file structure19.cif (mmCIF, C-alpha atoms and all ligand atoms)
data_data
loop_
_atom_site.label_atom_id
_atom_site.label_comp_id
_atom_site.auth_asym_id
_atom_site.auth_seq_id
_atom_site.Cartn_x
_atom_site.Cartn_y
_atom_site.Cartn_z
CA MET A 1169 0.00 0.00 0.00
CA GLN A 1170 1.77 3.17 -1.24
CA ASP A 1171 2.21 5.61 1.68
CA ALA A 1172 2.49 9.17 0.38
CA TYR A 1173 2.84 10.62 3.88
CA PRO A 1174 5.23 8.46 5.97
CA THR A 1175 5.04 9.29 9.67
CA ARG A 1176 5.59 7.62 13.09
CA ARG A 1177 8.37 5.45 11.70
CA GLY A 1178 10.42 5.69 14.94
CA GLU A 1179 12.89 8.10 13.34
CA PRO A 1180 12.91 11.83 12.54
CA LEU A 1181 11.79 12.66 8.97
CA GLU A 1182 11.96 16.14 7.42
CA PRO A 1183 8.76 18.09 6.72
CA PHE A 1184 7.95 18.26 3.00
CA PRO A 1185 5.45 20.17 0.82
CA ARG A 1186 2.04 18.51 0.66
CA LEU A 1187 1.38 16.37 -2.42
CA ASP A 1188 -2.32 17.24 -2.66
CA PRO A 1189 -4.09 20.45 -3.75
CA VAL A 1190 -5.72 22.48 -0.97
CA VAL A 1191 -8.79 23.34 -3.04
CA HIS A 1192 -9.68 20.29 -5.11
CA SER A 1193 -11.04 21.82 -8.29
CA SER A 1194 -13.72 20.10 -10.28
CA ALA A 1195 -16.01 21.51 -12.94
CA ARG A 1196 -19.03 20.20 -11.08
CA PHE A 1197 -18.32 22.03 -7.81
CA ARG A 1198 -15.68 24.75 -8.09
CA TRP A 1199 -17.88 27.39 -9.61
CA HIS A 1200 -21.21 26.28 -8.17
CA GLY A 1201 -20.89 26.95 -4.47
CA PRO A 1202 -21.23 29.68 -1.85
CA LEU A 1203 -17.51 30.55 -1.83
CA ASP A 1204 -16.18 33.16 -4.25
CA GLU A 1205 -12.65 33.15 -5.64
CA CYS A 1206 -11.48 35.49 -2.88
CA ALA A 1207 -12.61 33.07 -0.17
CA LEU A 1208 -11.18 30.09 -2.05
CA SER A 1209 -7.78 31.77 -2.32
CA ARG A 1210 -7.86 32.76 1.37
CA TYR A 1211 -8.53 29.11 2.28
CA GLU A 1212 -5.72 28.06 -0.06
CA ARG A 1213 -3.33 30.53 1.66
CA ASP A 1214 -4.31 30.08 5.32
CA GLY A 1215 -5.77 26.55 5.54
CA PHE A 1216 -8.97 27.76 7.24
CA LEU A 1217 -11.96 30.10 6.91
CA TRP A 1218 -13.68 31.83 9.86
CA PHE A 1219 -17.31 32.92 9.76
CA GLU A 1220 -18.14 34.94 12.89
CA GLY A 1221 -21.83 34.66 13.79
CA PHE A 1222 -22.55 32.26 10.91
CA PHE A 1223 -25.64 30.91 12.69
CA GLY A 1224 -27.73 32.66 15.31
CA ARG A 1225 -27.36 31.35 18.85
CA GLU A 1226 -30.92 29.95 18.73
CA ARG A 1227 -29.71 27.45 16.13
CA VAL A 1228 -27.02 26.00 18.39
CA GLU A 1229 -28.48 26.34 21.92
CA PRO A 1230 -30.62 23.15 21.62
CA PHE A 1231 -27.41 21.14 21.48
CA PHE A 1232 -26.79 21.91 25.14
CA ASP A 1233 -30.04 20.06 25.91
CA GLU A 1234 -28.76 17.11 23.89
CA LEU A 1235 -25.44 17.17 25.76
CA ALA A 1236 -27.29 17.35 29.10
CA ALA A 1237 -29.55 14.45 28.07
CA LEU A 1238 -26.51 12.36 27.18
CA ALA A 1239 -24.81 13.23 30.47
CA ARG A 1240 -27.92 11.87 32.29
CA ASP A 1241 -27.91 8.66 30.22
CA SER A 1242 -25.78 6.21 32.23
CA GLU A 1243 -25.68 3.70 29.36
CA ALA A 1244 -24.39 6.45 27.06
CA MET A 1245 -21.86 7.63 29.61
CA ASN A 1246 -20.37 4.13 29.80
CA SER A 1247 -19.83 3.91 26.06
CA ASP A 1248 -16.36 4.18 24.52
CA ARG A 1249 -17.58 7.02 22.38
CA VAL A 1250 -18.01 9.25 25.44
CA ILE A 1251 -14.72 10.74 26.55
CA ALA A 1252 -14.61 12.00 30.12
CA ASP A 1253 -12.15 14.62 31.28
CA PRO A 1254 -9.29 12.63 32.91
CA ALA A 1255 -9.06 15.25 35.67
CA ASN A 1256 -12.60 14.89 37.01
CA GLY A 1257 -14.64 12.38 34.99
CA GLU A 1258 -16.92 15.10 33.61
CA LEU A 1259 -18.26 14.62 30.09
CA ARG A 1260 -15.71 16.07 27.64
CA SER A 1261 -16.62 14.70 24.21
CA VAL A 1262 -19.27 12.52 22.60
CA PHE A 1263 -18.21 11.04 19.29
CA SER A 1264 -20.36 10.12 16.31
CA MET A 1265 -23.04 12.61 17.26
CA HIS A 1266 -24.40 12.50 13.69
CA THR A 1267 -25.58 8.92 14.36
CA LEU A 1268 -27.16 9.86 17.71
CA SER A 1269 -28.92 13.10 16.96
CA GLN A 1270 -31.15 13.98 14.01
CA ARG A 1271 -30.64 17.65 14.79
CA PHE A 1272 -26.87 17.20 14.56
CA SER A 1273 -27.18 15.17 11.33
CA ASN A 1274 -29.40 17.87 9.81
CA LEU A 1275 -26.85 20.54 10.65
CA THR A 1276 -24.08 18.66 8.82
CA ARG A 1277 -26.29 18.62 5.71
CA ASP A 1278 -27.14 22.32 5.80
CA PRO A 1279 -26.60 23.55 2.21
CA ARG A 1280 -24.70 26.59 3.45
CA ILE A 1281 -21.98 24.38 4.93
CA LEU A 1282 -22.19 21.33 2.67
CA GLY A 1283 -22.07 23.57 -0.41
CA MET A 1284 -18.79 25.14 0.72
CA VAL A 1285 -17.28 21.77 1.61
CA GLN A 1286 -18.16 20.19 -1.76
CA GLN A 1287 -16.57 23.21 -3.43
CA LEU A 1288 -13.36 22.82 -1.38
CA LEU A 1289 -13.12 19.04 -1.80
CA GLY A 1290 -14.34 18.99 -5.42
CA SER A 1291 -16.54 15.92 -4.94
CA ASP A 1292 -19.39 14.38 -3.00
CA VAL A 1293 -18.51 14.00 0.67
CA TYR A 1294 -19.43 11.91 3.71
CA LEU A 1295 -18.86 12.34 7.43
CA HIS A 1296 -15.55 10.84 8.54
CA GLN A 1297 -16.06 11.76 12.20
CA SER A 1298 -18.20 13.98 14.41
CA ARG A 1299 -18.33 14.97 18.04
CA ILE A 1300 -19.60 17.46 20.53
CA ASN A 1301 -16.97 18.92 22.88
CA ASP A 1302 -17.33 20.64 26.18
CA LYS A 1303 -14.21 22.16 27.72
CA PHE A 1304 -15.47 23.22 31.13
CA GLY A 1305 -14.39 26.31 32.95
CA PHE A 1306 -11.35 26.19 35.22
CA GLN A 1307 -10.12 22.78 34.09
CA GLY A 1308 -10.90 21.83 30.52
CA GLY A 1309 -7.50 20.47 29.47
CA GLY A 1310 -5.66 21.80 26.44
CA PHE A 1311 -4.53 19.92 23.33
CA ASP A 1312 -0.98 19.92 21.98
CA TRP A 1313 -0.14 21.00 18.42
CA HIS A 1314 -1.10 18.48 15.76
CA SER A 1315 -2.37 17.91 12.24
CA ASP A 1316 -5.59 15.90 12.25
CA PHE A 1317 -4.62 14.40 8.90
CA GLU A 1318 -1.41 12.99 10.43
CA THR A 1319 -3.54 11.07 12.94
CA TRP A 1320 -6.22 10.04 10.44
CA HIS A 1321 -3.59 8.93 7.92
CA SER A 1322 -1.59 6.91 10.44
CA GLU A 1323 -4.40 5.50 12.62
CA ASP A 1324 -7.41 5.40 10.27
CA GLY A 1325 -5.80 4.94 6.86
CA MET A 1326 -6.95 8.22 5.27
CA PRO A 1327 -4.89 8.14 2.06
CA ARG A 1328 -4.70 11.77 0.94
CA MET A 1329 -5.33 15.32 2.17
CA ARG A 1330 -8.92 15.74 0.97
CA ALA A 1331 -10.95 16.41 4.13
CA VAL A 1332 -12.28 19.50 5.89
CA SER A 1333 -13.22 19.94 9.55
CA ALA A 1334 -16.14 22.15 10.59
CA SER A 1335 -16.33 23.51 14.11
CA ILE A 1336 -19.45 25.39 15.25
CA LEU A 1337 -19.22 27.25 18.55
CA LEU A 1338 -21.82 26.42 21.19
CA THR A 1339 -20.36 28.96 23.58
CA GLU A 1340 -18.50 32.20 23.03
CA ASN A 1341 -14.80 31.66 22.26
CA ASN A 1342 -12.73 34.41 23.82
CA GLU A 1343 -9.08 34.88 24.73
CA PHE A 1344 -9.68 33.42 28.19
CA ASN A 1345 -11.48 30.09 27.68
CA GLY A 1346 -8.95 28.17 25.57
CA PRO A 1347 -9.95 28.99 21.99
CA LEU A 1348 -8.61 26.89 19.12
CA MET A 1349 -5.27 28.21 17.82
CA LEU A 1350 -4.20 27.62 14.23
CA ILE A 1351 -0.96 28.22 12.32
CA PRO A 1352 -1.88 29.85 9.00
CA GLY A 1353 -0.09 28.19 6.07
CA SER A 1354 0.98 25.13 8.08
CA HIS A 1355 -1.34 22.96 5.95
CA GLN A 1356 1.08 23.42 3.03
CA PHE A 1357 3.63 21.06 4.63
CA PHE A 1358 3.35 17.53 5.95
CA VAL A 1359 5.26 17.29 9.24
CA PRO A 1360 6.10 13.63 9.97
CA CYS A 1361 6.11 12.65 13.67
CA ILE A 1362 8.62 10.24 15.20
CA ASP A 1363 7.13 7.89 17.78
CA ARG A 1364 5.44 4.73 16.56
CA THR A 1365 1.73 4.28 17.31
CA PRO A 1366 1.04 1.87 20.20
CA GLU A 1367 -1.97 -0.49 20.17
CA ASP A 1368 -5.28 1.19 21.08
CA ASN A 1369 -3.61 4.61 21.11
CA TRP A 1370 -7.04 6.24 20.72
CA LYS A 1371 -7.99 5.24 24.29
CA ASP A 1372 -5.42 7.76 25.47
CA SER A 1373 -5.02 10.21 22.57
CA LEU A 1374 -8.61 11.46 22.74
CA LYS A 1375 -7.91 12.70 26.25
CA LYS A 1376 -4.39 13.97 25.70
CA GLN A 1377 -2.49 14.24 22.40
CA ARG A 1378 0.94 12.75 23.16
CA LEU A 1379 1.68 11.14 19.77
CA GLY A 1380 1.40 12.93 16.49
CA VAL A 1381 2.92 16.12 17.95
CA PRO A 1382 5.46 17.69 15.56
CA GLU A 1383 8.99 18.47 16.76
CA LYS A 1384 9.39 21.94 18.27
CA SER A 1385 11.83 22.92 15.51
CA ALA A 1386 9.11 22.36 12.89
CA LEU A 1387 6.47 24.13 15.00
CA ARG A 1388 8.79 27.12 15.51
CA TRP A 1389 9.59 27.29 11.77
CA LEU A 1390 5.91 27.18 10.74
CA ALA A 1391 4.75 29.60 13.46
CA ASN A 1392 7.52 32.08 12.54
CA ARG A 1393 6.49 31.69 8.91
CA GLY A 1394 2.71 32.06 9.36
CA GLY A 1395 2.05 33.30 12.87
CA ILE A 1396 -0.69 31.94 15.14
CA GLN A 1397 -4.36 32.90 15.00
CA ALA A 1398 -7.12 32.11 17.50
CA PRO A 1399 -10.52 33.00 16.00
CA LYS A 1400 -12.92 34.38 18.64
CA GLY A 1401 -16.65 35.00 18.43
CA PRO A 1402 -20.19 34.30 19.61
CA PRO A 1403 -22.05 30.97 19.67
CA GLY A 1404 -23.04 29.94 16.14
CA SER A 1405 -19.71 31.04 14.61
CA LEU A 1406 -18.24 28.55 12.13
CA LEU A 1407 -14.63 27.55 11.49
CA LEU A 1408 -13.75 25.44 8.46
CA PHE A 1409 -10.18 24.15 8.59
CA GLU A 1410 -8.19 21.95 6.23
CA CYS A 1411 -7.36 18.47 7.54
CA ASN A 1412 -3.62 19.24 7.66
CA THR A 1413 -3.68 22.68 9.32
CA LEU A 1414 -1.74 22.58 12.60
CA HIS A 1415 -3.90 23.50 15.57
CA ALA A 1416 -3.85 23.34 19.37
CA SER A 1417 -5.75 24.78 22.31
CA ASN A 1418 -4.74 25.98 25.76
CA MET A 1419 -6.27 24.92 29.04
CA ASN A 1420 -9.47 26.72 29.93
CA MET A 1421 -8.50 28.78 32.99
CA SER A 1422 -11.66 30.92 32.81
CA PRO A 1423 -14.98 30.20 34.54
CA TRP A 1424 -16.64 29.96 31.11
CA SER A 1425 -17.09 26.68 29.26
CA ARG A 1426 -15.82 26.33 25.68
CA ALA A 1427 -18.13 23.96 23.88
CA ASN A 1428 -18.34 23.25 20.15
CA LEU A 1429 -19.77 20.91 17.56
CA PHE A 1430 -17.07 19.31 15.44
CA PHE A 1431 -17.61 17.31 12.25
CA VAL A 1432 -15.25 16.18 9.52
CA TYR A 1433 -16.16 15.89 5.84
CA ASN A 1434 -14.08 13.54 3.71
CA SER A 1435 -14.21 13.18 -0.07
CA VAL A 1436 -15.93 9.98 -1.20
CA GLU A 1437 -12.79 9.53 -3.34
CA ASN A 1438 -10.58 9.44 -0.23
CA GLN A 1439 -12.09 6.60 1.76
CA MET A 1440 -10.19 4.83 4.54
CA GLN A 1441 -7.61 2.19 3.63
CA LYS A 1442 -5.71 0.03 6.09
CA PRO A 1443 -4.13 2.25 8.77
CA TYR A 1444 -0.66 3.27 7.62
CA CYS A 1445 0.70 2.63 11.14
CA GLY A 1446 0.07 -1.09 10.43
CA LEU A 1447 -2.27 -1.61 13.42
CA GLN A 1448 -5.96 -2.51 13.61
CA PRO A 1449 -8.37 0.23 12.47
CA ARG A 1450 -9.88 2.46 15.13
CA PRO A 1451 -13.58 1.98 16.02
CA GLU A 1452 -16.30 3.07 13.57
CA PHE A 1453 -17.35 5.94 15.87
CA LEU A 1454 -13.94 7.53 15.28
CA ALA A 1455 -13.62 6.90 11.55
CA THR A 1456 -16.49 5.99 9.21
CA ARG A 1457 -15.55 2.93 7.21
CA ASN A 1458 -18.86 1.17 6.50
CA ARG A 1459 -21.50 3.77 5.71
CA ALA A 1460 -19.50 6.27 3.63
CA SER A 1461 -22.41 7.26 1.37
CA PRO A 1462 -22.49 10.78 -0.12
CA LEU A 1463 -24.29 13.39 1.97
CA THR A 1464 -27.30 15.10 0.37
CA MET A 1465 -28.31 18.64 1.17
CA ARG A 1466 -31.36 19.17 3.35
CA ASP A 1467 -33.61 21.70 1.70
CA ASP A 1468 -35.50 22.20 4.96
CA ALA A 1469 -32.24 22.53 6.87
CA VAL A 1470 -33.13 26.01 7.99
CA GLU A 1471 -34.83 25.11 11.24
CA PRO A 1472 -37.81 27.24 12.25
CA ALA A 1473 -36.66 30.21 14.29
CA VAL A 1474 -38.09 30.03 17.80
CA PRO A 1475 -40.89 32.66 17.75
CA ALA A 1476 -40.78 35.35 20.41
CA PRO A 1477 -43.07 34.79 23.40
CA ILE A 1478 -46.63 36.10 22.80
CA ASN A 1479 -48.11 37.98 25.75
CA GLY A 1480 -45.56 36.41 28.10
CA GLU A 1481 -46.29 32.79 27.07
CA ALA A 1482 -43.28 30.47 26.99
CA PRO A 1483 -41.74 30.45 23.50
CA TYR A 1484 -42.63 27.52 21.25
CA GLU A 1485 -40.19 24.64 21.81
CA PRO A 1486 -39.71 22.52 18.65
CA GLU A 1487 -40.42 18.84 19.35
CA MET A 1488 -37.01 17.50 20.46
CA GLU A 1489 -35.78 14.65 18.31
CA HIS A 1490 -35.11 11.72 20.58
CA ASN A 1491 -31.54 10.58 20.83
CA VAL A 1492 -31.31 7.02 19.66
CA PHE A 1493 -28.21 5.89 21.45
CA THR A 1494 -26.84 2.98 19.54
CA ASN A 1495 -23.74 1.32 20.94
O1 LIG B 1501 -7.93 11.38 16.90
C1 LIG B 1501 -8.82 12.05 16.39
O2 LIG B 1501 -9.49 11.69 15.43
C2 LIG B 1501 -9.13 13.40 17.04
N1 LIG B 1501 -7.98 13.90 17.69
C3 LIG B 1501 -7.61 15.17 17.63
C4 LIG B 1501 -6.49 15.61 18.48
N2 LIG B 1501 -8.18 16.08 16.80
C5 LIG B 1501 -9.07 15.62 15.79
C6 LIG B 1501 -9.74 14.34 16.06
O3 LIG B 1501 -11.02 14.58 16.53
FE FE B 1502 -7.46 18.08 16.16
#

call {"tool": "encode", "arguments": {"input": "structure19.cif", "output": "structure tokens", "more": "lines below"}}
Ligand code: 6CS
Ligand code: FE
result
Amino acid sequence: MQDAYPTRRGEPLEPFPRLDPVVHSSARFRWHGPLDECALSRYERDGFLWFEGFFGRERVEPFFDELAALARDSEAMNSDRVIADPANGELRSVFSMHTLSQRFSNLTRDPRILGMVQQLLGSDVYLHQSRINDKFGFQGGGFDWHSDFETWHSEDGMPRMRAVSASILLTENNEFNGPLMLIPGSHQFFVPCIDRTPEDNWKDSLKKQRLGVPEKSALRWLANRGGIQAPKGPPGSLLLFECNTLHASNMNMSPWSRANLFFVYNSVENQMQKPYCGLQPRPEFLATRNRASPLTMRDDAVEPAVPAPINGEAPYEPEMEHNVFTN
């Protein structure tokens, strides 16, 4: 199996320019999407696009109810797909949310997001991974610098750089609550990591990224070259970032939670192969391998706005989809 991006070989390897385009042009998608040429070239240059206030907060607030419902579901909490904060056992992440929540699945098929992603990846796409994150105030741990593609290539067998991550803020991201930091332009280089992947690495890496962290010399070179940016904004803001853009986040030392929805679109032409680290594939809730069918846009994706209270009555609450928690 030809490995275009060797990493975790137990020896230092030099960074090298990526072998894949950043914007995957195709006649069908390039010129028929929400992004204009200016936005496409900014994504090409930086490796991410930031849309402050993309959705109104009423569109994302219902996800807190879903997170609370999951936290009360003892069966759910005992599942491998629920990651608890190692420091205190509190719920930190729930993976594969698109298979648990219709509301979450609908959001990933919103034409305003899916249209941009198809344009960037130049093909039909499917969800490689999804999760809801909650980095609580005062202790939500940070995450060391990494390229998601480096992990997905090594541990899931993602062959090429043709995936985009979407992060939608559920809470305000400010300079105090551990916002995501990105290195603009870092996506242009593949930075191999040294240490080999141990068995079942994911049981540890989802709590703390120890493997797949580039050497400090490479981080310094790329940060000096492109700087560091930490997009901040209100709930409902959207970040699209290329699968190979280096990112990290600091510990949340503020009293304010930093929660977000996170979902990864992969091209249907870039489906998982055998993991390049040579170990067993990670579980399906971390990397879709079986149901990689193309996503279709929801034309009713724009959920009804919650009408203002009339004469003091409680506002209309849309019928909550029930979470079907499948192990
Ligand atoms: O291992 C993964 O798939 C996850 N780990 C990190 C550090 N970021 C992306 C991804 O969700
Ligand atoms: Fe990541």

call {"tool": "atom_distance", "arguments": {"input": "structure19.cif", "atom1": "atom CA of A:Glu1234", "atom2": "atom CA of A:Arg1450"}}
result
25.5 Å

call {"tool": "residues_around", "arguments": {"input": "structure19.cif", "residues": "A:Ala1460", "least_positions_apart": "6", "cutoff": "9 Å", "atoms": "all atoms listed in the file", "output": "PyMOL selection string"}}
result
chain A and resi 1293-1296+1436+1439

call {"tool": "residues_around", "arguments": {"input": "structure19.cif", "residues": "A:Ser1333", "least_positions_apart": "5", "cutoff": "12 Å", "atoms": "all atoms listed in the file", "output": "PDB file with C-alpha atoms, in the coordinates of the input"}}
result
ATOM      1  CA  GLY A1215      -5.770  26.550   5.540  1.00  0.00           C
ATOM      2  CA  PHE A1216      -8.970  27.760   7.240  1.00  0.00           C
ATOM      3  CA  LEU A1217     -11.960  30.100   6.910  1.00  0.00           C
ATOM      4  CA  TRP A1218     -13.680  31.830   9.860  1.00  0.00           C
ATOM      5  CA  THR A1276     -24.080  18.660   8.820  1.00  0.00           C
ATOM      6  CA  ILE A1281     -21.980  24.380   4.930  1.00  0.00           C
ATOM      7  CA  LEU A1282     -22.190  21.330   2.670  1.00  0.00           C
ATOM      8  CA  MET A1284     -18.790  25.140   0.720  1.00  0.00           C
ATOM      9  CA  VAL A1285     -17.280  21.770   1.610  1.00  0.00           C
ATOM     10  CA  LEU A1288     -13.360  22.820  -1.380  1.00  0.00           C
ATOM     11  CA  LEU A1289     -13.120  19.040  -1.800  1.00  0.00           C
ATOM     12  CA  VAL A1293     -18.510  14.000   0.670  1.00  0.00           C
ATOM     13  CA  TYR A1294     -19.430  11.910   3.710  1.00  0.00           C
ATOM     14  CA  LEU A1295     -18.860  12.340   7.430  1.00  0.00           C
ATOM     15  CA  HIS A1296     -15.550  10.840   8.540  1.00  0.00           C
ATOM     16  CA  GLN A1297     -16.060  11.760  12.200  1.00  0.00           C
ATOM     17  CA  SER A1298     -18.200  13.980  14.410  1.00  0.00           C
ATOM     18  CA  ARG A1299     -18.330  14.970  18.040  1.00  0.00           C
ATOM     19  CA  SER A1315      -2.370  17.910  12.240  1.00  0.00           C
ATOM     20  CA  ASP A1316      -5.590  15.900  12.250  1.00  0.00           C
ATOM     21  CA  PHE A1317      -4.620  14.400   8.900  1.00  0.00           C
ATOM     22  CA  LEU A1406     -18.240  28.550  12.130  1.00  0.00           C
ATOM     23  CA  LEU A1407     -14.630  27.550  11.490  1.00  0.00           C
ATOM     24  CA  LEU A1408     -13.750  25.440   8.460  1.00  0.00           C
ATOM     25  CA  PHE A1409     -10.180  24.150   8.590  1.00  0.00           C
ATOM     26  CA  GLU A1410      -8.190  21.950   6.230  1.00  0.00           C
ATOM     27  CA  CYS A1411      -7.360  18.470   7.540  1.00  0.00           C
ATOM     28  CA  ASN A1412      -3.620  19.240   7.660  1.00  0.00           C
ATOM     29  CA  THR A1413      -3.680  22.680   9.320  1.00  0.00           C
ATOM     30  CA  HIS A1415      -3.900  23.500  15.570  1.00  0.00           C
ATOM     31  CA  LEU A1429     -19.770  20.910  17.560  1.00  0.00           C
ATOM     32  CA  PHE A1430     -17.070  19.310  15.440  1.00  0.00           C
ATOM     33  CA  PHE A1431     -17.610  17.310  12.250  1.00  0.00           C
ATOM     34  CA  VAL A1432     -15.250  16.180   9.520  1.00  0.00           C
ATOM     35  CA  TYR A1433     -16.160  15.890   5.840  1.00  0.00           C
ATOM     36  CA  ASN A1434     -14.080  13.540   3.710  1.00  0.00           C
ATOM     37  CA  SER A1435     -14.210  13.180  -0.070  1.00  0.00           C
TER      38      SER A1435
END

call {"tool": "closest_atom_pairs", "arguments": {"input": "structure19.cif", "of": "stretch 1180-1241 of chain A", "to": "stretch 1344-1354 of chain A", "cutoff": "12 Å", "atoms": "all atoms listed in the file", "output": "JSON lines"}}
result
{"residue": "A:Pro1183", "atom": "CA", "partner": "A:Ser1354", "partner_atom": "CA", "distance": 10.6}
{"residue": "A:Phe1184", "atom": "CA", "partner": "A:Ser1354", "partner_atom": "CA", "distance": 11.0}
{"residue": "A:Pro1185", "atom": "CA", "partner": "A:Ser1354", "partner_atom": "CA", "distance": 9.9}
{"residue": "A:Arg1186", "atom": "CA", "partner": "A:Ser1354", "partner_atom": "CA", "distance": 10.0}
{"residue": "A:Val1190", "atom": "CA", "partner": "A:Gly1353", "partner_atom": "CA", "distance": 10.7}
{"residue": "A:Ser1209", "atom": "CA", "partner": "A:Gly1353", "partner_atom": "CA", "distance": 11.9}
{"residue": "A:Arg1210", "atom": "CA", "partner": "A:Pro1352", "partner_atom": "CA", "distance": 10.1}
{"residue": "A:Tyr1211", "atom": "CA", "partner": "A:Gly1353", "partner_atom": "CA", "distance": 9.3}
{"residue": "A:Glu1212", "atom": "CA", "partner": "A:Gly1353", "partner_atom": "CA", "distance": 8.3}
{"residue": "A:Arg1213", "atom": "CA", "partner": "A:Gly1353", "partner_atom": "CA", "distance": 6.0}
{"residue": "A:Asp1214", "atom": "CA", "partner": "A:Pro1352", "partner_atom": "CA", "distance": 4.4}
{"residue": "A:Gly1215", "atom": "CA", "partner": "A:Gly1353", "partner_atom": "CA", "distance": 5.9}
{"residue": "A:Phe1216", "atom": "CA", "partner": "A:Pro1352", "partner_atom": "CA", "distance": 7.6}
{"residue": "A:Leu1217", "atom": "CA", "partner": "A:Pro1352", "partner_atom": "CA", "distance": 10.3}
{"residue": "A:Trp1218", "atom": "CA", "partner": "A:Leu1350", "partner_atom": "CA", "distance": 11.3}

call {"tool": "residues_near_ligand", "arguments": {"input": "structure19.cif", "ligand": "ligand LIG 1501 (chain B)", "cutoff": "7 Å", "atoms": "only C-alpha atoms and all ligand atoms", "output": "PDB file with C-alpha atoms, keeping the file's coordinate frame"}}
result
ATOM      1  CA  PHE A1311      -4.530  19.920  23.330  1.00  0.00           C
ATOM      2  CA  HIS A1314      -1.100  18.480  15.760  1.00  0.00           C
ATOM      3  CA  ASP A1316      -5.590  15.900  12.250  1.00  0.00           C
ATOM      4  CA  THR A1319      -3.540  11.070  12.940  1.00  0.00           C
ATOM      5  CA  TRP A1320      -6.220  10.040  10.440  1.00  0.00           C
ATOM      6  CA  TRP A1370      -7.040   6.240  20.720  1.00  0.00           C
ATOM      7  CA  SER A1373      -5.020  10.210  22.570  1.00  0.00           C
ATOM      8  CA  LEU A1374      -8.610  11.460  22.740  1.00  0.00           C
ATOM      9  CA  GLN A1377      -2.490  14.240  22.400  1.00  0.00           C
ATOM     10  CA  LEU A1454     -13.940   7.530  15.280  1.00  0.00           C
TER      11      LEU A1454
END

call {"tool": "closest_residue", "arguments": {"input": "structure19.cif", "among": "A:Arg1328, A:Lys1376, A:Arg1177, A:Arg1388", "to": "A:Arg1260", "atoms": "all atoms listed in the file"}}
result
A:Lys1376

call {"tool": "closest_residue", "arguments": {"input": "structure19.cif", "among": "A:Arg1466, A:Phe1357, A:Trp1313, A:Pro1423", "to": "A:Gln1270", "atoms": "all atoms listed in the file"}}
result
A:Arg1466

call {"tool": "closest_residue", "arguments": {"input": "structure19.cif", "among": "A:Gly1310, A:Gly1325, A:Pro1403, A:Gly1394", "to": "ligand FE 1502 (chain B)", "atoms": "only C-alpha atoms and all ligand atoms"}}
result
A:Gly1310

call {"tool": "closest_residue", "arguments": {"input": "structure19.cif", "among": "A:Gln1307, A:Ser1425, A:Asn1301, A:Gln1356", "to": "ligand FE 1502 (chain B)", "atoms": "only C-alpha atoms and all ligand atoms"}}
result
A:Asn1301

call {"tool": "closest_residue", "arguments": {"input": "structure19.cif", "among": "A:Leu1414, A:Ala1237, A:Ala1207, A:Met1465", "to": "ligand FE 1502 (chain B)", "atoms": "all atoms listed in the file"}}
result
A:Leu1414

call {"tool": "closest_residue", "arguments": {"input": "structure19.cif", "among": "A:Phe1231, A:Phe1223, A:Tyr1444, A:Phe1304", "to": "A:Ala1252", "atoms": "only C-alpha atoms"}}
result
A:Phe1304

call {"tool": "atom_distance", "arguments": {"input": "structure19.cif", "atom1": "atom CA of A:Met1440", "atom2": "atom CA of A:Glu1383"}}
result
26.5 Å

call {"tool": "decode", "arguments": {"input": "structure19.cif", "residues": "stretch 1296-1303 of chain A", "atoms": "N, CA, C and O atoms", "output": "PDB file, in the first residue's frame"}}
result
ATOM      1  N   HIS A1296     -16.625  11.742   8.044  1.00  0.00           N
ATOM      2  CA  HIS A1296     -15.554  10.844   8.536  1.00  0.00           C
ATOM      3  C   HIS A1296     -15.672  10.687  10.055  1.00  0.00           C
ATOM      4  O   HIS A1296     -15.480   9.593  10.601  1.00  0.00           O
ATOM      5  N   GLN A1297     -16.019  11.774  10.726  1.00  0.00           N
ATOM      6  CA  GLN A1297     -16.060  11.763  12.199  1.00  0.00           C
ATOM      7  C   GLN A1297     -16.900  12.956  12.671  1.00  0.00           C
ATOM      8  O   GLN A1297     -17.003  13.950  11.931  1.00  0.00           O
ATOM      9  N   SER A1298     -17.512  12.812  13.833  1.00  0.00           N
ATOM     10  CA  SER A1298     -18.200  13.980  14.408  1.00  0.00           C
ATOM     11  C   SER A1298     -18.145  13.860  15.920  1.00  0.00           C
ATOM     12  O   SER A1298     -17.968  12.763  16.464  1.00  0.00           O
ATOM     13  N   ARG A1299     -18.266  15.017  16.576  1.00  0.00           N
ATOM     14  CA  ARG A1299     -18.329  14.968  18.038  1.00  0.00           C
ATOM     15  C   ARG A1299     -18.806  16.293  18.593  1.00  0.00           C
ATOM     16  O   ARG A1299     -18.824  17.300  17.891  1.00  0.00           O
ATOM     17  N   ILE A1300     -19.240  16.235  19.813  1.00  0.00           N
ATOM     18  CA  ILE A1300     -19.601  17.456  20.529  1.00  0.00           C
ATOM     19  C   ILE A1300     -18.589  17.549  21.672  1.00  0.00           C
ATOM     20  O   ILE A1300     -18.248  16.548  22.299  1.00  0.00           O
ATOM     21  N   ASN A1301     -18.027  18.730  21.871  1.00  0.00           N
ATOM     22  CA  ASN A1301     -16.970  18.919  22.875  1.00  0.00           C
ATOM     23  C   ASN A1301     -17.453  19.893  23.932  1.00  0.00           C
ATOM     24  O   ASN A1301     -18.150  20.852  23.614  1.00  0.00           O
ATOM     25  N   ASP A1302     -17.042  19.636  25.157  1.00  0.00           N
ATOM     26  CA  ASP A1302     -17.328  20.643  26.183  1.00  0.00           C
ATOM     27  C   ASP A1302     -16.087  20.786  27.050  1.00  0.00           C
ATOM     28  O   ASP A1302     -15.709  19.871  27.766  1.00  0.00           O
ATOM     29  N   LYS A1303     -15.416  21.920  26.902  1.00  0.00           N
ATOM     30  CA  LYS A1303     -14.212  22.164  27.717  1.00  0.00           C
ATOM     31  C   LYS A1303     -14.636  23.084  28.858  1.00  0.00           C
ATOM     32  O   LYS A1303     -14.782  24.269  28.694  1.00  0.00           O
TER      33      LYS A1303
END
